[in-house]
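Quick notes on the structure that follows.
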There are 4 protein chains.
Amino acid sequence: MTPSSLLPALRGIIPPIITPLLGRDELDAAGLERLIEHMLAGGVHGLFVLGTTGEAPSLSYRLRRELIERVCRQVADRVPVLVGITDTAFVEAGNLSRFAAEAGARALVLAPPYYYPNSQPELLEYIRRITPELPLPLFLYNMPTHTKTVFEVDSLRRLADIPNIAGIKDSSADMIYFHRLIGILPARPDWSLLIGPEELLAESLLLGGHGGVCGGANLCPRLYVDLYEAAAARQLDRATALHAQVMRISTTLYRVGRHGSAFIKGLKCALRVLGICDDFLAEPFHRFREEEREQVRASLASLGITRDHPRPSEV
Amino acid sequence: MTPSSLLPALRGIIPPIITPLLGRDELDAAGLERLIEHMLAGGVHGLFVLGTTGEAPSLSYRLRRELIERVCRQVADRVPVLVGITDTAFVEAGNLSRFAAEAGARALVLAPPYYYPNSQPELLEYIRRITPELPLPLFLYNMPTHTKTVFEVDSLRRLADIPNIAGIKDSSADMIYFHRLIGILPARPDWSLLIGPEELLAESLLLGGHGGVCGGANLCPRLYVDLYEAAAARQLDRATALHAQVMRISTTLYRVGRHGSAFIKGLKCALRVLGICDDFLAEPFHRFREEEREQVRASLASLGITRDHPRPSEV
Amino acid sequence: MTPSSLLPALRGIIPPIITPLLGRDELDAAGLERLIEHMLAGGVHGLFVLGTTGEAPSLSYRLRRELIERVCRQVADRVPVLVGITDTAFVEAGNLSRFAAEAGARALVLAPPYYYPNSQPELLEYIRRITPELPLPLFLYNMPTHTKTVFEVDSLRRLADIPNIAGIKDSSADMIYFHRLIGILPARPDWSLLIGPEELLAESLLLGGHGGVCGGANLCPRLYVDLYEAAAARQLDRATALHAQVMRISTTLYRVGRHGSAFIKGLKCALRVLGICDDFLAEPFHRFREEEREQVRASLASLGITRDHPRPSEV
Amino acid sequence: MTPSSLLPALRGIIPPIITPLLGRDELDAAGLERLIEHMLAGGVHGLFVLGTTGEAPSLSYRLRRELIERVCRQVADRVPVLVGITDTAFVEAGNLSRFAAEAGARALVLAPPYYYPNSQPELLEYIRRITPELPLPLFLYNMPTHTKTVFEVDSLRRLADIPNIAGIKDSSADMIYFHRLIGILPARPDWSLLIGPEELLAESLLLGGHGGVCGGANLCPRLYVDLYEAAAARQLDRATALHAQVMRISTTLYRVGRHGSAFIKGLKCALRVLGICDDFLAEPFHRFREEEREQVRASLASLGITRDHPRPSEV
């Protein structure tokens, strides 16, 4: 069995879906449906459920399962659904992986266990132990700011002999690292190399990456899809112009609020302002207060983003 | 209701109990019983279940509950049992707190949610939201190397108006911070101020702290209890000599192995060598291989620690 | 007076010249001449003396002055010479700036004072105080791994009203930061935005940067010049191919040796192997021993780099 | 030649003298005299010139030499003078060491070169190369927050064979590290183990340290001398009470201002308020503005510190 038999190599924009909530343990089910259709209408190539942007670690296991079920049912295989199973406990990660497979997910995403700092040998052994137990192809998720443990390039090179690893999602924001990752591809041409931060999407695609897990594609899916397609067509000037649009969003909308949580809060708030879903956040976060919401509304207006035209207007 | 009505102010040595395992989801129940009796025989003043030393985040929720039940039943209120409920998900922390209360635990221990870095306002709001839902007195657990979020002294000062907070466990290893914590005590004389790293136990007790959550007390409970009592009796020379014993353990036994996990691995391995319990570790860790086990055995011999004489011999 | 009256906007490759040494306080004068001619023959657009790659902080002030004089005399204005004046002491930075101006340098490069961590208000005040005393246009040098202080984007935006600032050299390796820097350019279209790490040269040029301060251009000047020209001509495929060459150098030659100093050591060693200059390094570094030198020699051979053909062969 | 032939083992309080300035390159010579006499009157056991508290890296070399000369002349061997020679350039450190010896200093203090991060092998080689060139006994200065390089305990253990090393000044604020340093003393009983942060003075002295390099002793010399003497006499309760006084200073006076520089700024400001010397600071710092000066004045008043009674009043 190889990943390719289960999942054709992923290319394109796979948004990390925010989790619409009405309360800390209650999904905004109607908002979730609208959000999924909003993204699919924008042409996204997959959906990633239960990532960092999706507040996965803040959600109860019950709600995580409900979310997986609802997303898989609503998407109905129009695009592949990827499910984050990152967990500090090996057993719980395995449990969720089986649930996801039964619900119809097509791949899993796993960051290192994130309470204890891990050494590279410990990390390698962890991956070697868990991959045989997983029922779906796996993306390794590099997210050192949150997990404390980096997947070193040499470690990933060693893991290239594991068949059901399907690729890497790199959210380190370290482009030198990303360029070194590309050097692994000759050993695993079937891998997909996806980048996290959308501000780095253009260069990653122009220089060898395969796609992006862009939080902003919850809001403006077509913009990121267009950027992917421009890069795939080697249209440098168009890609540069679309990258500038991404930077306009990044330097306005994501900079309301002062803390590290500003990105998720701003994104959820914008989706609420557009009427797509609620903006409740699970602890330890909380939604923007009225003052920040006004700034988000003003930011959307200045960008020209509306529900009917969910992308920045040309400048 | 104040904490003191439920729990007299904690003073002394409250070991963070390691979790004896036979496999990643199987308790070493007989070993657990021996370990508890070993520590109680050494005079410890409480037991802390599901801490960092106990590998809590690596255990399935099912196993966490089994552990709580077994420890509470075995201890049978001979000393208070504290239960760690730290979780990235608010709902799961609450669930575990209720289970612990029903099982007979006397207090809870909570570090900040540890996937996302938290700002101080977010942390304060989190604590204010969760404390009313907890059925037992709460110790705040400062562990920034693992949680990324520090409880700043000014934040703790603000939280002093919450009645069911019973104290602080500080594992920051930052003694300047600890001395500043002591400055909060006039506002909350009922709080217990406990220190994590056993290498700092002597000075914390001599200069105003109330006790220690010493991992080494799994192995040598009487040593730490003696140090507590010497400090409480203001016997400086005796406390200094016992501190030197603690440093001998720290600079030999805990330094087998090269990674951050050396402390837990060394402790479990030593308990296995003494025949107290198994040394299986849950992922992402794994037990010492034979080579390191030999070093642990040699280290125990050079320290003069045996099961019948579980403390370093005088030098 | 504006910088443009003294220095046309810098574009292209401005190598940070390594400092050829025969001993800790003795220049390799003949090697320095050969190195300068080697780089000028490769078409570089400027030379940056006394940077991080040049071991500036490790050199005596006497030697720093001798170096400035020799480089300026040898270059004789064929390209502009930039001189690093970064210093923990304000007075010494000023002294060196005047010496450089008299020797014929065309611009200065200044990182924050690097012993104490600086707050942004302190950094802003420092820059506002020192710029009026400098006799040449100034590049601000962002190098937080070594200086501990970042030039935050908002701080640079505030400094845009200082006329004799001519641009920014960013060695943070943080491309999101770099893209945000580009957002300052509308306020200062005369600024040059130069990137440090050569692994990021391609994308910085493709998406709005103006040039690179590439250490590797000491060895293979034409490669980086070609990459600059390809990007300037918007030739995406050629730029991508040249970027891959840069990555081949980066992942072989710069990875001999285990410490952070591997880059400088590898570069100097390669120049020595090619017969261009000596490879002595000032303390706290020291040149590669024979074993590492053999690895460098093998790496050069596998890349196909020779003194007559100082660039990787096509693959 | 051994250090002991030049310098009896240092014990006690050796304040890191602040550098009184009238301008960025002008000493406040009269203030310096008053400050020295103020400290000697308080019973200090030595003086440390050109440390972190003394703003050494921010001063021109000319001023550093003037300062060394003036301090040595004024002290006239009433206590030993130690001179900081930390420098990024080996040659400049050597130059200053010879100047200091000729001026009458009794020992040198050296932190690692602090621009480049150093590996431990590089650090060891650096120390082995520089010690033979130094004309006076040397204290190694551990200050990783500012130098980026820690003197690992194992490295110091290896350096114990160098005769003219006389001790260690540890400003890491890491008491576990400090306790491990004590374990080196059997190999070098002649070494002095001095602690930097005054908040840790009490415990370091009670548990095996030899003295403190306390910035606060510029202001309240007798307080720290008394604490040293109480600990030396094994008077635990008195040492605890004096430690509480130190914490009162630390949590009020040193917490005016928001940046890392608050300690030096607060100390200089307090000395100015008491009329001892000017409070000018060299770049990158600047003296407190009027608002902060008022807070310092209020803090001194609440502590009961006056020029005639330079220590906190009993509470």
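Please note that chains go A, B, ... in the order of the structure tokens, that every chain numbers its residues from 1, and that ligands are numbered from 1 in the order shown.
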Notebook entry, point to check: If we count only C-alpha atoms, what is near B:Val79 at a cut-off of 8 Å, once residues fewer than 5 positions away on the same chain are taken out, given as a list in words?
Noted result: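 These residues fall inside the cut-off: Val44, His45, Gly46 and Leu47 of chain B.
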How close does chain A get to chain B? List, as CSV, each residue of chain A within 9 Å, its nearest atom pair and the distance in Å to one decimal, counting only C-alpha atoms.
residue,atom,partner,partner_atom,distance
A:Arg24,CA,B:Val91,CA,7.6
A:Asp25,CA,B:Val91,CA,7.3
A:Thr52,CA,B:Tyr116,CA,8.4
A:Ala56,CA,B:Ala89,CA,8.6
A:Pro57,CA,B:Thr88,CA,5.4
A:Ser58,CA,B:Ala89,CA,4.0
A:Leu59,CA,B:Ala89,CA,5.3
A:Ser60,CA,B:Val91,CA,5.8
A:Tyr61,CA,B:Glu92,CA,8.0
A:Asp87,CA,B:Ser58,CA,8.4
A:Thr88,CA,B:Ser58,CA,5.2
A:Ala89,CA,B:Ser58,CA,4.0
A:Phe90,CA,B:Glu283,CA,6.3
A:Val91,CA,B:Ser60,CA,5.8
A:Glu92,CA,B:Ser60,CA,6.0
A:Pro112,CA,B:Pro284,CA,8.5
A:Pro113,CA,B:Pro284,CA,6.9
A:Tyr114,CA,B:Tyr115,CA,7.0
A:Tyr115,CA,B:His146,CA,5.7
A:Tyr116,CA,B:His146,CA,6.1
A:Pro117,CA,B:Gly260,CA,7.0
A:Asn118,CA,B:Pro284,CA,7.2
A:Ser119,CA,B:His259,CA,6.2
A:Glu122,CA,B:Pro284,CA,6.1
A:Leu123,CA,B:Pro284,CA,6.8
A:Glu125,CA,B:Pro284,CA,7.8
A:Tyr126,CA,B:Pro284,CA,5.6
A:Arg129,CA,B:Glu283,CA,8.9
A:Thr145,CA,B:Pro117,CA,8.5
A:His146,CA,B:Tyr115,CA,5.7
A:Thr147,CA,B:Tyr115,CA,7.0
A:Lys148,CA,B:His146,CA,8.4
A:His259,CA,B:Ser119,CA,6.3
A:Gly260,CA,B:Pro117,CA,7.0
A:Ser261,CA,B:Asn118,CA,7.9
A:Ala282,CA,B:Phe90,CA,7.9
A:Glu283,CA,B:Phe90,CA,6.3
A:Pro284,CA,B:Tyr126,CA,5.6
A:Phe285,CA,B:Glu122,CA,6.3
A:His286,CA,B:Glu122,CA,7.9
Write a file of the just-selected residues containing C-alpha atoms, as a PDB file, in the first residue's frame.
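In the end it all went to out14.pdb:
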ATOM      1  CA  ARG A  24     -16.942  26.325  24.177  1.00  0.00           C
ATOM      2  CA  ASP A  25     -18.463  22.926  23.534  1.00  0.00           C
ATOM      3  CA  THR A  52      -3.853  25.268  14.804  1.00  0.00           C
ATOM      4  CA  ALA A  56      -8.054  21.822  17.756  1.00  0.00           C
ATOM      5  CA  PRO A  57      -6.220  21.566  21.080  1.00  0.00           C
ATOM      6  CA  SER A  58      -8.811  23.781  22.758  1.00  0.00           C
ATOM      7  CA  LEU A  59     -11.754  21.580  21.796  1.00  0.00           C
ATOM      8  CA  SER A  60     -13.176  18.638  23.717  1.00  0.00           C
ATOM      9  CA  TYR A  61     -12.700  15.250  22.092  1.00  0.00           C
ATOM     10  CA  ASP A  87      -1.927  14.917  20.568  1.00  0.00           C
ATOM     11  CA  THR A  88       0.342  14.697  23.552  1.00  0.00           C
ATOM     12  CA  ALA A  89      -0.981  11.165  24.131  1.00  0.00           C
ATOM     13  CA  PHE A  90      -0.143   8.473  21.582  1.00  0.00           C
ATOM     14  CA  VAL A  91      -3.335   6.572  22.389  1.00  0.00           C
ATOM     15  CA  GLU A  92      -5.614   9.533  21.799  1.00  0.00           C
ATOM     16  CA  PRO A 112       5.095  16.201  17.429  1.00  0.00           C
ATOM     17  CA  PRO A 113       3.650  15.644  20.889  1.00  0.00           C
ATOM     18  CA  TYR A 114       3.904  19.119  22.285  1.00  0.00           C
ATOM     19  CA  TYR A 115       4.100  19.133  26.072  1.00  0.00           C
ATOM     20  CA  TYR A 116       7.594  17.790  26.549  1.00  0.00           C
ATOM     21  CA  PRO A 117      10.408  19.101  24.377  1.00  0.00           C
ATOM     22  CA  ASN A 118      11.506  16.101  22.269  1.00  0.00           C
ATOM     23  CA  SER A 119      14.960  15.210  21.096  1.00  0.00           C
ATOM     24  CA  GLU A 122      12.742  10.535  20.464  1.00  0.00           C
ATOM     25  CA  LEU A 123      10.819  12.206  17.673  1.00  0.00           C
ATOM     26  CA  GLU A 125      11.050   6.780  17.319  1.00  0.00           C
ATOM     27  CA  TYR A 126       7.650   8.322  17.950  1.00  0.00           C
ATOM     28  CA  ARG A 129       5.896   3.741  16.207  1.00  0.00           C
ATOM     29  CA  THR A 145       6.671  27.737  17.838  1.00  0.00           C
ATOM     30  CA  HIS A 146       3.822  25.738  19.304  1.00  0.00           C
ATOM     31  CA  THR A 147       5.298  22.240  19.699  1.00  0.00           C
ATOM     32  CA  LYS A 148       8.853  23.206  20.788  1.00  0.00           C
ATOM     33  CA  HIS A 259      -1.379  39.032  21.053  1.00  0.00           C
ATOM     34  CA  GLY A 260      -0.264  35.946  19.183  1.00  0.00           C
ATOM     35  CA  SER A 261      -3.894  34.998  18.896  1.00  0.00           C
ATOM     36  CA  ALA A 282     -12.689  28.456  22.857  1.00  0.00           C
ATOM     37  CA  GLU A 283     -10.513  29.193  25.863  1.00  0.00           C
ATOM     38  CA  PRO A 284      -7.735  30.263  26.281  1.00  0.00           C
ATOM     39  CA  PHE A 285      -8.872  32.736  23.628  1.00  0.00           C
ATOM     40  CA  HIS A 286     -11.971  34.856  23.416  1.00  0.00           C
TER      41      HIS A 286
END
Within 10 Å of stretch 8-13 of chain A, counting only C-alpha atoms, which residues show up once you throw out same-chain ones fewer than 2 positions away? Write them as a PDB file with N, CA and C atoms, in the first residue's frame, please.
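Wrote it out as part_26.pdb, contents follow:
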ATOM      1  N   PRO A   3       0.711   5.666  -0.269  1.00  0.00           N
ATOM      2  CA  PRO A   3      -0.256   6.758  -0.134  1.00  0.00           C
ATOM      3  C   PRO A   3      -0.968   7.043  -1.445  1.00  0.00           C
ATOM      4  N   SER A   4      -0.217   6.898  -2.552  1.00  0.00           N
ATOM      5  CA  SER A   4      -0.812   7.310  -3.817  1.00  0.00           C
ATOM      6  C   SER A   4      -2.018   6.462  -4.184  1.00  0.00           C
ATOM      7  N   SER A   5      -2.074   5.261  -3.626  1.00  0.00           N
ATOM      8  CA  SER A   5      -3.257   4.459  -3.921  1.00  0.00           C
ATOM      9  C   SER A   5      -4.476   5.006  -3.198  1.00  0.00           C
ATOM     10  N   LEU A   6      -4.220   5.720  -2.108  1.00  0.00           N
ATOM     11  CA  LEU A   6      -5.337   6.259  -1.339  1.00  0.00           C
ATOM     12  C   LEU A   6      -5.605   7.713  -1.664  1.00  0.00           C
ATOM     13  N   PRO A  15      -7.198  24.887   2.839  1.00  0.00           N
ATOM     14  CA  PRO A  15      -7.334  25.778   3.993  1.00  0.00           C
ATOM     15  C   PRO A  15      -7.449  25.002   5.298  1.00  0.00           C
ATOM     16  N   PRO A  16      -6.834  25.550   6.341  1.00  0.00           N
ATOM     17  CA  PRO A  16      -7.048  25.019   7.694  1.00  0.00           C
ATOM     18  C   PRO A  16      -8.325  25.661   8.202  1.00  0.00           C
ATOM     19  N   GLY A  43     -12.944  27.323  -4.916  1.00  0.00           N
ATOM     20  CA  GLY A  43     -12.054  26.455  -5.685  1.00  0.00           C
ATOM     21  C   GLY A  43     -10.935  25.785  -4.913  1.00  0.00           C
ATOM     22  N   VAL A  44     -11.054  25.734  -3.590  1.00  0.00           N
ATOM     23  CA  VAL A  44      -9.952  25.143  -2.815  1.00  0.00           C
ATOM     24  C   VAL A  44      -9.807  23.655  -3.140  1.00  0.00           C
ATOM     25  N   HIS A  45      -8.601  23.141  -2.933  1.00  0.00           N
ATOM     26  CA  HIS A  45      -8.260  21.793  -3.379  1.00  0.00           C
ATOM     27  C   HIS A  45      -8.368  20.745  -2.276  1.00  0.00           C
ATOM     28  N   GLY A  46      -8.700  21.154  -1.086  1.00  0.00           N
ATOM     29  CA  GLY A  46      -8.840  20.234   0.033  1.00  0.00           C
ATOM     30  C   GLY A  46      -9.229  21.044   1.248  1.00  0.00           C
ATOM     31  N   LEU A  47      -9.507  20.366   2.346  1.00  0.00           N
ATOM     32  CA  LEU A  47      -9.808  21.062   3.604  1.00  0.00           C
ATOM     33  C   LEU A  47      -9.050  20.366   4.729  1.00  0.00           C
ATOM     34  N   PHE A  48      -8.481  21.170   5.607  1.00  0.00           N
ATOM     35  CA  PHE A  48      -7.734  20.631   6.741  1.00  0.00           C
ATOM     36  C   PHE A  48      -8.489  20.987   8.016  1.00  0.00           C
ATOM     37  N   PRO A  80     -10.543  16.290  -0.924  1.00  0.00           N
ATOM     38  CA  PRO A  80     -10.121  15.475   0.216  1.00  0.00           C
ATOM     39  C   PRO A  80     -10.155  16.275   1.521  1.00  0.00           C
ATOM     40  N   ALA A 166       2.824  11.033   3.449  1.00  0.00           N
ATOM     41  CA  ALA A 166       2.417  11.592   2.154  1.00  0.00           C
ATOM     42  C   ALA A 166       2.971  12.980   1.907  1.00  0.00           C
ATOM     43  N   GLY A 167       3.584  13.576   2.913  1.00  0.00           N
ATOM     44  CA  GLY A 167       4.101  14.911   2.695  1.00  0.00           C
ATOM     45  C   GLY A 167       4.346  15.634   3.997  1.00  0.00           C
ATOM     46  N   PRO A 189       9.357  11.584  -4.514  1.00  0.00           N
ATOM     47  CA  PRO A 189       8.654  12.488  -5.440  1.00  0.00           C
ATOM     48  C   PRO A 189       7.143  12.489  -5.231  1.00  0.00           C
ATOM     49  N   ASP A 190       6.638  11.520  -4.487  1.00  0.00           N
ATOM     50  CA  ASP A 190       5.193  11.505  -4.230  1.00  0.00           C
ATOM     51  C   ASP A 190       4.784  12.430  -3.095  1.00  0.00           C
ATOM     52  N   TRP A 191       5.747  12.927  -2.338  1.00  0.00           N
ATOM     53  CA  TRP A 191       5.389  13.787  -1.213  1.00  0.00           C
ATOM     54  C   TRP A 191       4.839  15.125  -1.701  1.00  0.00           C
ATOM     55  N   SER A 192       3.917  15.643  -0.907  1.00  0.00           N
ATOM     56  CA  SER A 192       3.466  17.020  -1.109  1.00  0.00           C
ATOM     57  C   SER A 192       4.135  17.885  -0.061  1.00  0.00           C
ATOM     58  N   LEU A 193       4.653  18.996  -0.526  1.00  0.00           N
ATOM     59  CA  LEU A 193       5.324  19.923   0.368  1.00  0.00           C
ATOM     60  C   LEU A 193       4.463  21.174   0.456  1.00  0.00           C
ATOM     61  N   LEU A 194       3.800  21.351   1.601  1.00  0.00           N
ATOM     62  CA  LEU A 194       2.828  22.431   1.766  1.00  0.00           C
ATOM     63  C   LEU A 194       3.369  23.454   2.754  1.00  0.00           C
ATOM     64  N   ILE A 195       3.091  24.705   2.495  1.00  0.00           N
ATOM     65  CA  ILE A 195       3.576  25.741   3.411  1.00  0.00           C
ATOM     66  C   ILE A 195       2.406  26.294   4.212  1.00  0.00           C
ATOM     67  N   LEU A 201       3.511  31.952   0.686  1.00  0.00           N
ATOM     68  CA  LEU A 201       2.956  31.051  -0.326  1.00  0.00           C
ATOM     69  C   LEU A 201       3.571  31.300  -1.699  1.00  0.00           C
ATOM     70  N   LEU A 205       5.771  28.427  -3.779  1.00  0.00           N
ATOM     71  CA  LEU A 205       5.260  27.840  -5.024  1.00  0.00           C
ATOM     72  C   LEU A 205       6.207  28.141  -6.184  1.00  0.00           C
ATOM     73  N   GLY A 209       7.623  24.435  -4.035  1.00  0.00           N
ATOM     74  CA  GLY A 209       6.600  23.879  -3.163  1.00  0.00           C
ATOM     75  C   GLY A 209       5.348  23.500  -3.942  1.00  0.00           C
ATOM     76  N   HIS A 210       4.449  22.796  -3.252  1.00  0.00           N
ATOM     77  CA  HIS A 210       3.284  22.236  -3.951  1.00  0.00           C
ATOM     78  C   HIS A 210       1.957  22.854  -3.560  1.00  0.00           C
ATOM     79  N   GLY A 211       1.935  23.621  -2.509  1.00  0.00           N
ATOM     80  CA  GLY A 211       0.646  24.155  -2.120  1.00  0.00           C
ATOM     81  C   GLY A 211       0.726  24.852  -0.784  1.00  0.00           C
ATOM     82  N   GLY A 212      -0.422  25.332  -0.325  1.00  0.00           N
ATOM     83  CA  GLY A 212      -0.448  26.095   0.906  1.00  0.00           C
ATOM     84  C   GLY A 212      -1.632  25.745   1.777  1.00  0.00           C
ATOM     85  N   VAL A 213      -1.393  25.794   3.073  1.00  0.00           N
ATOM     86  CA  VAL A 213      -2.447  25.618   4.063  1.00  0.00           C
ATOM     87  C   VAL A 213      -2.694  26.998   4.637  1.00  0.00           C
ATOM     88  N   CYS A 214      -3.479  27.782   3.907  1.00  0.00           N
ATOM     89  CA  CYS A 214      -3.592  29.223   4.136  1.00  0.00           C
ATOM     90  C   CYS A 214      -4.838  29.520   4.954  1.00  0.00           C
ATOM     91  N   GLY A 215      -4.641  30.060   6.149  1.00  0.00           N
ATOM     92  CA  GLY A 215      -5.768  30.434   6.984  1.00  0.00           C
ATOM     93  C   GLY A 215      -6.673  31.435   6.297  1.00  0.00           C
ATOM     94  N   ALA A 217      -7.615  31.609   3.444  1.00  0.00           N
ATOM     95  CA  ALA A 217      -8.523  31.024   2.462  1.00  0.00           C
ATOM     96  C   ALA A 217      -9.866  30.657   3.072  1.00  0.00           C
ATOM     97  N   PRO A 221     -11.057  32.530  -0.382  1.00  0.00           N
ATOM     98  CA  PRO A 221     -10.475  31.321  -0.973  1.00  0.00           C
ATOM     99  C   PRO A 221      -9.951  31.538  -2.398  1.00  0.00           C
ATOM    100  N   ARG A 222     -10.674  32.287  -3.185  1.00  0.00           N
ATOM    101  CA  ARG A 222     -10.288  32.417  -4.581  1.00  0.00           C
ATOM    102  C   ARG A 222      -8.928  33.111  -4.730  1.00  0.00           C
ATOM    103  N   TYR A 224      -6.224  32.862  -2.933  1.00  0.00           N
ATOM    104  CA  TYR A 224      -5.104  31.935  -2.758  1.00  0.00           C
ATOM    105  C   TYR A 224      -5.081  30.905  -3.880  1.00  0.00           C
ATOM    106  N   VAL A 225      -6.264  30.505  -4.331  1.00  0.00           N
ATOM    107  CA  VAL A 225      -6.340  29.578  -5.466  1.00  0.00           C
ATOM    108  C   VAL A 225      -5.748  30.249  -6.716  1.00  0.00           C
ATOM    109  N   ASP A 226      -6.092  31.496  -6.915  1.00  0.00           N
ATOM    110  CA  ASP A 226      -5.526  32.217  -8.065  1.00  0.00           C
ATOM    111  C   ASP A 226      -4.006  32.302  -7.965  1.00  0.00           C
ATOM    112  N   LEU A 227      -3.525  32.562  -6.769  1.00  0.00           N
ATOM    113  CA  LEU A 227      -2.070  32.656  -6.607  1.00  0.00           C
ATOM    114  C   LEU A 227      -1.426  31.301  -6.893  1.00  0.00           C
ATOM    115  N   TYR A 228      -2.045  30.243  -6.414  1.00  0.00           N
ATOM    116  CA  TYR A 228      -1.525  28.907  -6.720  1.00  0.00           C
ATOM    117  C   TYR A 228      -1.476  28.685  -8.230  1.00  0.00           C
ATOM    118  N   GLU A 229      -2.545  29.055  -8.900  1.00  0.00           N
ATOM    119  CA  GLU A 229      -2.599  28.795 -10.343  1.00  0.00           C
ATOM    120  C   GLU A 229      -1.619  29.675 -11.119  1.00  0.00           C
ATOM    121  N   ALA A 232       1.686  28.067 -10.647  1.00  0.00           N
ATOM    122  CA  ALA A 232       1.762  26.810 -11.402  1.00  0.00           C
ATOM    123  C   ALA A 232       1.966  27.091 -12.884  1.00  0.00           C
TER     124      ALA A 232
END
Next item on the list: Could you jot down the atom CA of D:Leu110 to atom CA of D:Leu96 separation for me, Å, one decimal place?
Entry: 11.2 Å
Check: Which of stretch 157-254 of chain D counts as strand (DSSP E) under DSSP, as a ChimeraX atom specification please?
Finding: /D:165-170,192-195,211-212
Next item on the list: Would you please work out which residue, of D:Val150, D:Ala100, D:Leu67, D:Leu206, is nearest to D:Pro137 when using only C-alpha atoms?
Entry: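 The answer is D:Ala100, which sits nearest to D:Pro137.
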